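The data block below is my_file29.pdb; it holds PDB, C-alpha atoms, pLDDT in the B column.
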ATOM      1  CA  MET S   3     -26.229   0.532 -24.529  1.00 46.00           C
ATOM      2  CA  ALA S   4     -25.944   0.420 -20.762  1.00 56.00           C
ATOM      3  CA  THR S   5     -28.663  -1.216 -18.731  1.00 62.00           C
ATOM      4  CA  VAL S   6     -30.235   0.421 -15.708  1.00 56.00           C
ATOM      5  CA  SER S   7     -28.366  -1.875 -13.328  1.00 58.00           C
ATOM      6  CA  GLU S   8     -25.030  -1.022 -14.983  1.00 58.00           C
ATOM      7  CA  LEU S   9     -25.816   2.683 -14.711  1.00 56.00           C
ATOM      8  CA  TRP S  10     -27.161   2.797 -11.160  1.00 55.00           C
ATOM      9  CA  GLY S  11     -25.955  -0.489  -9.705  1.00 62.00           C
ATOM     10  CA  ARG S  12     -27.990  -3.136  -7.923  1.00 62.00           C
ATOM     11  CA  SER S  13     -31.260  -1.840  -6.535  1.00 61.00           C
ATOM     12  CA  GLU S  14     -30.986  -3.512  -3.117  1.00 67.00           C
ATOM     13  CA  GLY S  15     -28.967  -1.365  -0.763  1.00 65.00           C
ATOM     14  CA  ARG S  16     -28.278   1.370  -3.319  1.00 69.00           C
ATOM     15  CA  ASN S  17     -28.421   4.223  -0.806  1.00 74.00           C
ATOM     16  CA  ARG S  18     -26.161   2.381   1.626  1.00 80.00           C
ATOM     17  CA  HIS S  19     -23.726   1.653  -1.190  1.00 79.00           C
ATOM     18  CA  TRP S  20     -23.482   5.355  -2.075  1.00 84.00           C
ATOM     19  CA  TRP S  21     -23.000   6.301   1.572  1.00 87.00           C
ATOM     20  CA  VAL S  22     -20.286   3.715   2.125  1.00 87.00           C
ATOM     21  CA  PHE S  23     -18.229   4.068  -1.056  1.00 87.00           C
ATOM     22  CA  VAL S  24     -18.806   7.613  -2.324  1.00 89.00           C
ATOM     23  CA  GLY S  25     -19.511   9.255   1.022  1.00 91.00           C
ATOM     24  CA  GLY S  26     -16.788   7.368   2.865  1.00 92.00           C
ATOM     25  CA  TYR S  27     -14.188   8.207   0.248  1.00 91.00           C
ATOM     26  CA  ALA S  28     -15.306  11.853   0.161  1.00 93.00           C
ATOM     27  CA  GLY S  29     -15.085  12.047   3.948  1.00 93.00           C
ATOM     28  CA  ILE S  30     -11.525  10.720   3.980  1.00 91.00           C
ATOM     29  CA  VAL S  31     -10.410  13.080   1.203  1.00 90.00           C
ATOM     30  CA  LEU S  32     -12.110  16.049   2.878  1.00 91.00           C
ATOM     31  CA  ALA S  33     -10.509  15.285   6.243  1.00 88.00           C
ATOM     32  CA  LEU S  34      -7.040  15.010   4.686  1.00 86.00           C
ATOM     33  CA  LEU S  35      -7.519  18.217   2.685  1.00 85.00           C
ATOM     34  CA  LEU S  36      -8.628  20.106   5.784  1.00 85.00           C
ATOM     35  CA  VAL S  37      -5.689  18.848   7.844  1.00 83.00           C
ATOM     36  CA  VAL S  38      -3.152  19.750   5.167  1.00 81.00           C
ATOM     37  CA  THR S  39      -4.738  23.048   4.098  1.00 79.00           C
ATOM     38  CA  LEU S  40      -5.943  24.560   7.362  1.00 73.00           C
ATOM     39  CA  GLY S  41      -3.520  23.048   9.813  1.00 74.00           C
ATOM     40  CA  SER S  42       0.198  23.002   9.651  1.00 68.00           C
ATOM     41  CA  GLY S  43      -0.136  19.469   8.340  1.00 64.00           C
ATOM     42  CA  SER S  44       1.694  16.428   9.446  1.00 69.00           C
ATOM     43  CA  THR S  45       4.023  14.040   7.740  1.00 75.00           C
ATOM     44  CA  LEU S  46       1.357  11.352   7.717  1.00 75.00           C
ATOM     45  CA  ALA S  47      -1.308  13.655   6.218  1.00 74.00           C
ATOM     46  CA  ASP S  48       1.159  15.034   3.661  1.00 75.00           C
ATOM     47  CA  THR S  49       1.957  11.473   2.624  1.00 83.00           C
ATOM     48  CA  LEU S  50      -1.631  10.232   2.556  1.00 83.00           C
ATOM     49  CA  LEU S  51      -3.116  13.179   0.630  1.00 83.00           C
ATOM     50  CA  PRO S  52      -1.536  12.318  -2.760  1.00 86.00           C
ATOM     51  CA  VAL S  53      -2.478   8.689  -2.228  1.00 87.00           C
ATOM     52  CA  ALA S  54      -6.107   9.665  -1.541  1.00 86.00           C
ATOM     53  CA  LEU S  55      -6.270  12.134  -4.438  1.00 86.00           C
ATOM     54  CA  PHE S  56      -4.547  10.180  -7.188  1.00 89.00           C
ATOM     55  CA  TYR S  57      -4.155   6.499  -6.341  1.00 91.00           C
ATOM     56  CA  ALA S  58      -7.321   5.662  -4.392  1.00 92.00           C
ATOM     57  CA  PRO S  59     -10.092   6.313  -7.002  1.00 93.00           C
ATOM     58  CA  PRO S  60      -9.347   3.176  -9.079  1.00 94.00           C
ATOM     59  CA  PHE S  61      -9.334   0.976  -5.977  1.00 94.00           C
ATOM     60  CA  VAL S  62     -12.470   2.521  -4.453  1.00 93.00           C
ATOM     61  CA  SER S  63     -14.272   2.348  -7.792  1.00 92.00           C
ATOM     62  CA  GLY S  64     -13.161  -1.242  -8.369  1.00 92.00           C
ATOM     63  CA  ALA S  65     -14.375  -2.275  -4.912  1.00 91.00           C
ATOM     64  CA  SER S  66     -17.637  -0.440  -5.565  1.00 90.00           C
ATOM     65  CA  ALA S  67     -18.149  -2.232  -8.891  1.00 88.00           C
ATOM     66  CA  PHE S  68     -17.313  -5.580  -7.317  1.00 88.00           C
ATOM     67  CA  ARG S  69     -19.941  -4.927  -4.623  1.00 85.00           C
ATOM     68  CA  GLY S  70     -22.609  -4.057  -7.227  1.00 83.00           C
ATOM     69  CA  GLY S  71     -22.130  -0.335  -7.822  1.00 83.00           C
ATOM     70  CA  GLY S  72     -22.819   1.299 -11.165  1.00 82.00           C
ATOM     71  CA  TYR S  73     -21.203   3.765 -13.548  1.00 85.00           C
ATOM     72  CA  LEU S  74     -22.578   6.770 -11.678  1.00 88.00           C
ATOM     73  CA  ALA S  75     -21.062   5.743  -8.349  1.00 89.00           C
ATOM     74  CA  SER S  76     -17.712   5.303 -10.104  1.00 90.00           C
ATOM     75  CA  LEU S  77     -18.003   8.713 -11.765  1.00 92.00           C
ATOM     76  CA  ALA S  78     -18.844  10.283  -8.402  1.00 92.00           C
ATOM     77  CA  VAL S  79     -15.758   8.672  -6.881  1.00 93.00           C
ATOM     78  CA  GLY S  80     -13.670  10.015  -9.766  1.00 93.00           C
ATOM     79  CA  LEU S  81     -15.018  13.560  -9.452  1.00 94.00           C
ATOM     80  CA  THR S  82     -14.580  13.695  -5.683  1.00 93.00           C
ATOM     81  CA  PRO S  83     -10.877  14.720  -5.553  1.00 91.00           C
ATOM     82  CA  GLY S  84     -11.242  17.630  -7.974  1.00 92.00           C
ATOM     83  CA  VAL S  85     -14.467  18.974  -6.514  1.00 93.00           C
ATOM     84  CA  LEU S  86     -13.336  18.766  -2.892  1.00 93.00           C
ATOM     85  CA  TYR S  87      -9.951  20.286  -3.732  1.00 89.00           C
ATOM     86  CA  ALA S  88     -11.674  23.236  -5.426  1.00 91.00           C
ATOM     87  CA  ILE S  89     -14.055  23.738  -2.496  1.00 92.00           C
ATOM     88  CA  VAL S  90     -11.447  23.533   0.279  1.00 89.00           C
ATOM     89  CA  VAL S  91      -8.694  25.529  -1.407  1.00 85.00           C
ATOM     90  CA  GLY S  92     -11.222  28.002  -2.866  1.00 87.00           C
ATOM     91  CA  ALA S  93     -12.657  28.637   0.586  1.00 87.00           C
ATOM     92  CA  HIS S  94      -9.131  28.996   1.946  1.00 82.00           C
ATOM     93  CA  VAL S  95      -8.361  31.642  -0.683  1.00 81.00           C
ATOM     94  CA  LEU S  96     -11.684  33.436  -0.125  1.00 84.00           C
ATOM     95  CA  VAL S  97     -10.877  34.059   3.528  1.00 83.00           C
ATOM     96  CA  GLY S  98      -7.631  35.725   2.503  1.00 79.00           C
ATOM     97  CA  GLN S  99      -5.074  33.015   3.150  1.00 76.00           C
ATOM     98  CA  PRO S 100      -2.249  32.848   0.620  1.00 73.00           C
ATOM     99  CA  THR S 101      -1.599  29.701  -1.388  1.00 73.00           C
ATOM    100  CA  THR S 102       1.649  28.430  -2.812  1.00 73.00           C
ATOM    101  CA  ALA S 103       0.163  27.027  -6.025  1.00 72.00           C
ATOM    102  CA  ARG S 104       1.441  28.563  -9.240  1.00 81.00           C
ATOM    103  CA  ALA S 105      -1.362  27.170 -11.388  1.00 82.00           C
ATOM    104  CA  PRO S 106      -4.914  28.575 -11.317  1.00 87.00           C
ATOM    105  CA  LEU S 107      -7.341  26.786  -9.019  1.00 85.00           C
ATOM    106  CA  TRP S 108      -9.675  25.796 -11.844  1.00 87.00           C
ATOM    107  CA  ALA S 109      -6.826  24.122 -13.747  1.00 91.00           C
ATOM    108  CA  LEU S 110      -5.813  22.080 -10.717  1.00 88.00           C
ATOM    109  CA  ALA S 111      -9.421  21.070 -10.007  1.00 90.00           C
ATOM    110  CA  VAL S 112     -10.000  20.018 -13.626  1.00 92.00           C
ATOM    111  CA  GLY S 113      -6.708  18.117 -13.681  1.00 92.00           C
ATOM    112  CA  PHE S 114      -7.545  16.268 -10.453  1.00 90.00           C
ATOM    113  CA  GLY S 115     -11.011  15.535 -11.834  1.00 91.00           C
ATOM    114  CA  ILE S 116      -9.671  14.118 -15.102  1.00 94.00           C
ATOM    115  CA  ILE S 117      -7.136  11.929 -13.312  1.00 94.00           C
ATOM    116  CA  GLY S 118      -9.844  10.747 -10.902  1.00 93.00           C
ATOM    117  CA  ILE S 119     -12.386   9.977 -13.635  1.00 94.00           C
ATOM    118  CA  VAL S 120      -9.899   8.043 -15.752  1.00 95.00           C
ATOM    119  CA  GLY S 121      -8.761   6.067 -12.727  1.00 94.00           C
ATOM    120  CA  SER S 122     -12.276   5.383 -11.499  1.00 94.00           C
ATOM    121  CA  LEU S 123     -13.479   4.168 -14.899  1.00 92.00           C
ATOM    122  CA  LEU S 124     -10.443   1.908 -15.112  1.00 95.00           C
ATOM    123  CA  GLY S 125     -11.231   0.622 -11.629  1.00 94.00           C
ATOM    124  CA  TYR S 126     -14.885   0.102 -12.594  1.00 92.00           C
ATOM    125  CA  GLY S 127     -13.869  -1.983 -15.592  1.00 91.00           C
ATOM    126  CA  ILE S 128     -11.480  -4.101 -13.551  1.00 93.00           C
ATOM    127  CA  GLY S 129     -13.986  -4.530 -10.708  1.00 92.00           C
ATOM    128  CA  THR S 130     -16.728  -5.574 -13.117  1.00 89.00           C
ATOM    129  CA  GLY S 131     -14.369  -7.982 -14.862  1.00 90.00           C
ATOM    130  CA  VAL S 132     -13.316  -9.578 -11.582  1.00 90.00           C
ATOM    131  CA  LEU S 133     -16.963  -9.880 -10.526  1.00 87.00           C
ATOM    132  CA  ARG S 134     -17.861 -11.636 -13.795  1.00 86.00           C
ATOM    133  CA  PHE S 135     -14.859 -13.935 -13.418  1.00 90.00           C
ATOM    134  CA  VAL S 136     -15.826 -14.846  -9.850  1.00 88.00           C
ATOM    135  CA  ARG S 137     -19.444 -15.475 -10.816  1.00 83.00           C
ATOM    136  CA  GLY S 138     -18.306 -17.614 -13.754  1.00 83.00           C
ATOM    137  CA  ARG S 139     -16.130 -19.703 -11.453  1.00 79.00           C
ATOM    138  CA  GLU S 140     -19.040 -20.192  -9.033  1.00 76.00           C
ATOM    139  CA  LEU S 141     -21.254 -21.608 -11.780  1.00 70.00           C
ATOM    140  CA  ARG S 142     -18.813 -24.417 -12.565  1.00 66.00           C
TER     141      ARG S 142
END

Take the structure I supplied and represent it as C-alpha coordinates, if you would.
Amino acid sequence: MATVSELWGRSEGRNRHWWVFVGGYAGIVLALLLVVTLGSGSTLADTLLPVALFYAPPFVSGASAFRGGGYLASLAVGLTPGVLYAIVVGAHVLVGQPTTARAPLWALAVGFGIIGIVGSLLGYGIGTGVLRFVRGRELR
(Lines of atoms letter the chains of each structure in order from A and count residues from 1; the text may use other names and numbers.)
(Lines give C-alpha, C1' and ligand atoms only; values in the text may rest on other atoms or scores of the structure.)
Protein backbone atom coordinates (compact mmCIF):
# COMPACT_ATOMS: atom_id res chain seq x y z
CA MET A 1 0.00 0.00 0.00
CA ALA A 2 1.34 3.40 -0.95
CA THR A 3 1.82 6.03 1.71
CA VAL A 4 0.57 9.58 1.34
CA SER A 5 4.08 10.89 0.72
CA GLU A 6 4.66 8.31 -2.04
CA LEU A 7 1.36 9.27 -3.65
CA TRP A 8 1.60 13.06 -3.42
CA GLY A 9 5.29 13.62 -2.74
CA ARG A 10 6.87 15.66 0.03
CA SER A 11 4.53 18.22 1.54
CA GLU A 12 7.01 21.11 1.58
CA GLY A 13 7.03 22.88 -1.75
CA ARG A 14 4.45 20.58 -3.36
CA ASN A 15 2.82 23.31 -5.45
CA ARG A 16 6.19 24.60 -6.65
CA HIS A 17 7.22 21.06 -7.53
CA TRP A 18 4.13 20.59 -9.71
CA TRP A 19 4.68 23.94 -11.41
CA VAL A 20 8.33 23.22 -12.13
CA PHE A 21 8.20 19.60 -13.27
CA VAL A 22 4.69 19.03 -14.63
CA GLY A 23 3.98 22.59 -15.75
CA GLY A 24 7.45 23.16 -17.16
CA TYR A 25 7.37 19.93 -19.14
CA ALA A 26 3.84 20.66 -20.38
CA GLY A 27 4.91 24.14 -21.47
CA ILE A 28 7.84 22.80 -23.48
CA VAL A 29 5.72 20.11 -25.15
CA LEU A 30 2.94 22.60 -25.91
CA ALA A 31 5.37 25.11 -27.43
CA LEU A 32 6.95 22.44 -29.65
CA LEU A 33 3.55 21.12 -30.74
CA LEU A 34 2.36 24.61 -31.63
CA VAL A 35 5.50 25.39 -33.62
CA VAL A 36 5.33 22.13 -35.57
CA THR A 37 1.54 22.06 -36.04
CA LEU A 38 0.65 25.70 -36.68
CA GLY A 39 3.85 26.98 -38.20
CA SER A 40 5.78 25.56 -41.05
CA GLY A 41 8.05 24.03 -38.44
CA SER A 42 11.77 24.08 -38.32
CA THR A 43 14.40 21.42 -38.38
CA LEU A 44 15.15 21.98 -34.71
CA ALA A 45 11.48 21.77 -33.66
CA ASP A 46 10.92 18.70 -35.86
CA THR A 47 13.88 17.04 -34.18
CA LEU A 48 12.98 18.05 -30.63
CA LEU A 49 9.28 17.11 -30.79
CA PRO A 50 9.81 13.31 -30.81
CA VAL A 51 12.38 13.70 -28.05
CA ALA A 52 9.90 15.69 -25.93
CA LEU A 53 6.99 13.33 -26.64
CA PHE A 54 8.66 9.95 -26.27
CA TYR A 55 12.06 10.17 -24.59
CA ALA A 56 11.64 12.97 -22.04
CA PRO A 57 8.91 11.55 -19.70
CA PRO A 58 11.21 8.99 -18.01
CA PHE A 59 13.88 11.62 -17.38
CA VAL A 60 11.45 14.29 -16.15
CA SER A 61 9.68 11.76 -13.94
CA GLY A 62 12.97 10.42 -12.58
CA ALA A 63 14.17 13.94 -11.75
CA SER A 64 10.80 14.66 -10.14
CA ALA A 65 11.00 11.52 -7.99
CA PHE A 66 14.58 12.30 -7.01
CA ARG A 67 13.47 15.79 -5.91
CA GLY A 68 10.62 14.37 -3.78
CA GLY A 69 7.71 14.09 -6.22
CA GLY A 70 5.07 11.40 -5.93
CA TYR A 71 3.24 8.92 -8.14
CA LEU A 72 0.66 11.49 -9.22
CA ALA A 73 3.25 13.95 -10.50
CA SER A 74 4.84 11.13 -12.50
CA LEU A 75 1.47 10.08 -13.92
CA ALA A 76 0.75 13.69 -14.89
CA VAL A 77 4.10 13.87 -16.68
CA GLY A 78 3.27 10.62 -18.49
CA LEU A 79 -0.18 11.80 -19.58
CA THR A 80 1.04 15.18 -20.80
CA PRO A 81 2.19 14.16 -24.32
CA GLY A 82 -1.04 12.37 -25.24
CA VAL A 83 -3.37 14.99 -23.81
CA LEU A 84 -1.56 17.96 -25.33
CA TYR A 85 -1.25 16.20 -28.70
CA ALA A 86 -5.01 15.56 -28.72
CA ILE A 87 -5.80 19.16 -27.77
CA VAL A 88 -3.47 20.84 -30.28
CA VAL A 89 -4.12 18.57 -33.25
CA GLY A 90 -7.85 18.36 -32.41
CA ALA A 91 -8.10 22.14 -32.39
CA HIS A 92 -6.15 22.25 -35.64
CA VAL A 93 -8.63 19.85 -37.24
CA LEU A 94 -11.64 21.71 -35.81
CA VAL A 95 -10.65 24.92 -37.58
CA GLY A 96 -10.59 23.06 -40.88
CA GLN A 97 -6.90 22.47 -41.43
CA PRO A 98 -6.02 19.13 -43.01
CA THR A 99 -3.75 16.67 -41.25
CA THR A 100 -1.45 14.08 -42.74
CA ALA A 101 -2.04 11.42 -40.08
CA ARG A 102 -3.54 8.17 -41.30
CA ALA A 103 -4.52 6.96 -37.84
CA PRO A 104 -7.48 8.40 -35.90
CA LEU A 105 -6.64 11.15 -33.44
CA TRP A 106 -7.89 9.19 -30.44
CA ALA A 107 -5.62 6.25 -31.28
CA LEU A 108 -2.57 8.49 -31.51
CA ALA A 109 -3.44 10.26 -28.25
CA VAL A 110 -3.95 6.96 -26.42
CA GLY A 111 -0.72 5.56 -27.87
CA PHE A 112 1.26 8.64 -26.81
CA GLY A 113 -0.37 8.44 -23.37
CA ILE A 114 0.52 4.77 -22.90
CA ILE A 115 4.12 5.32 -23.98
CA GLY A 116 4.35 8.35 -21.68
CA ILE A 117 2.84 6.57 -18.66
CA VAL A 118 5.07 3.52 -19.02
CA GLY A 119 8.14 5.73 -19.39
CA SER A 120 7.21 7.99 -16.50
CA LEU A 121 6.56 5.08 -14.13
CA LEU A 122 9.89 3.58 -15.13
CA GLY A 123 11.53 6.95 -14.50
CA TYR A 124 9.75 7.23 -11.13
CA GLY A 125 11.08 3.84 -10.07
CA ILE A 126 14.62 4.68 -11.13
CA GLY A 127 14.49 8.13 -9.52
CA THR A 128 13.19 6.69 -6.25
CA GLY A 129 15.84 3.98 -6.32
CA VAL A 130 18.62 6.49 -6.89
CA LEU A 131 17.27 8.68 -4.09
CA ARG A 132 17.25 5.73 -1.67
CA PHE A 133 20.77 4.79 -2.75
CA VAL A 134 22.04 8.34 -2.21
CA ARG A 135 20.37 8.59 1.20
CA GLY A 136 21.82 5.21 2.18
CA ARG A 137 25.30 6.37 1.22
CA GLU A 138 24.88 9.56 3.27
CA LEU A 139 24.06 7.58 6.41
CA ARG A 140 27.36 5.69 6.32

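A straight line drawn from CA of Leu123 in chain S to CA of Pro106 in chain S is 26.1 Å long.
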
Among the residues S:Leu141, S:Gly92, S:Ala103, S:Ala58, the one that comes closest to Ile119 in chain S [using all atoms listed in the file]: S:Ala58

The PyMOL selection byres ((chain S and resi 130) around 12) applied to the shown file, residues as a ChimeraX atom specification: /S:8,11,63-73,76,122-129,131-137

Could you save those same residues with C-alpha atoms as a JSON list (two decimals), keeping the file's coordinate frame?
[["chain", "number", "residue", "atom", "x", "y", "z"],
["S", 8, "GLU", "CA", -25.03, -1.02, -14.98],
["S", 11, "GLY", "CA", -25.96, -0.49, -9.70],
["S", 63, "SER", "CA", -14.27, 2.35, -7.79],
["S", 64, "GLY", "CA", -13.16, -1.24, -8.37],
["S", 65, "ALA", "CA", -14.38, -2.28, -4.91],
["S", 66, "SER", "CA", -17.64, -0.44, -5.56],
["S", 67, "ALA", "CA", -18.15, -2.23, -8.89],
["S", 68, "PHE", "CA", -17.31, -5.58, -7.32],
["S", 69, "ARG", "CA", -19.94, -4.93, -4.62],
["S", 70, "GLY", "CA", -22.61, -4.06, -7.23],
["S", 71, "GLY", "CA", -22.13, -0.34, -7.82],
["S", 72, "GLY", "CA", -22.82, 1.30, -11.16],
["S", 73, "TYR", "CA", -21.20, 3.76, -13.55],
["S", 76, "SER", "CA", -17.71, 5.30, -10.10],
["S", 122, "SER", "CA", -12.28, 5.38, -11.50],
["S", 123, "LEU", "CA", -13.48, 4.17, -14.90],
["S", 124, "LEU", "CA", -10.44, 1.91, -15.11],
["S", 125, "GLY", "CA", -11.23, 0.62, -11.63],
["S", 126, "TYR", "CA", -14.88, 0.10, -12.59],
["S", 127, "GLY", "CA", -13.87, -1.98, -15.59],
["S", 128, "ILE", "CA", -11.48, -4.10, -13.55],
["S", 129, "GLY", "CA", -13.99, -4.53, -10.71],
["S", 131, "GLY", "CA", -14.37, -7.98, -14.86],
["S", 132, "VAL", "CA", -13.32, -9.58, -11.58],
["S", 133, "LEU", "CA", -16.96, -9.88, -10.53],
["S", 134, "ARG", "CA", -17.86, -11.64, -13.80],
["S", 135, "PHE", "CA", -14.86, -13.94, -13.42],
["S", 136, "VAL", "CA", -15.83, -14.85, -9.85],
["S", 137, "ARG", "CA", -19.44, -15.48, -10.82]]

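Excluding range 47-54 of chain S itself and any same-chain residue fewer than 6 positions from it, the protein and nucleic acid residues within 9 Å of it, counting all atoms listed in the file, are Tyr27, Ile30, Val31, Leu34, Leu35, Val37, Val38 and Pro83 of chain S.
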
Using the selection just defined, write its residues with C-alpha atoms as a short mmCIF file (atom, residue, chain, number, x, y, z; two decimals), in the coordinates of the input.
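Output below, filename out.cif:
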data_model
loop_
_atom_site.label_atom_id
_atom_site.label_comp_id
_atom_site.auth_asym_id
_atom_site.auth_seq_id
_atom_site.Cartn_x
_atom_site.Cartn_y
_atom_site.Cartn_z
CA TYR S 27 -14.19 8.21 0.25
CA ILE S 30 -11.52 10.72 3.98
CA VAL S 31 -10.41 13.08 1.20
CA LEU S 34 -7.04 15.01 4.69
CA LEU S 35 -7.52 18.22 2.68
CA VAL S 37 -5.69 18.85 7.84
CA VAL S 38 -3.15 19.75 5.17
CA PRO S 83 -10.88 14.72 -5.55
#

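Closest to Val24 in chain S among S:Leu40, S:Leu96, S:Leu46, S:Val62 is S:Val62, based on all atoms listed in the file.
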
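Pairwise distance (CA of Phe56 in chain S, CA of Gly118 in chain S) equals 6.5 Å.
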
Could you work out how far CA of Gly113 in chain S lies from CA of Val90 in chain S, giving the answer in Å with one decimal? 15.7 Å

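Closest approach to Pro60 in chain S among S:Val79, S:Val85, S:Leu74, S:Val95: S:Val79, based on only C-alpha atoms.
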
Given the file above and the PyMOL selection byres ((chain S and resi 87) around 10), which residues are selected, and can you give them as a VMD selection string? chain S and resid 31 to 32 35 to 36 39 55 82 to 86 88 to 93 107 to 108 110 to 112 114 to 115

Go through S:Pro59, S:Gly41, S:Ala33, S:His94 one by one, measure the shortest atom-to-atom distance of each to Ala75 in chain S using all atoms listed in the file, and give the residue with the smallest value. S:Pro59

Of S:Arg18, S:Phe23, S:Thr45, S:Ala78, the one nearest to Val120 in chain S when counting only C-alpha atoms is S:Ala78

Could you work out an axis-aligned bounding box for all listed atoms of range 81-84 of chain S, with 3 Å added on each of the six sides, and give its centre and edge lengths in Å to one decimal, as lines of an AutoDock Vina configuration file?
center_x = -12.9
center_y = 15.6
center_z = -7.5
size_x = 10.1
size_y = 10.1
size_z = 9.9
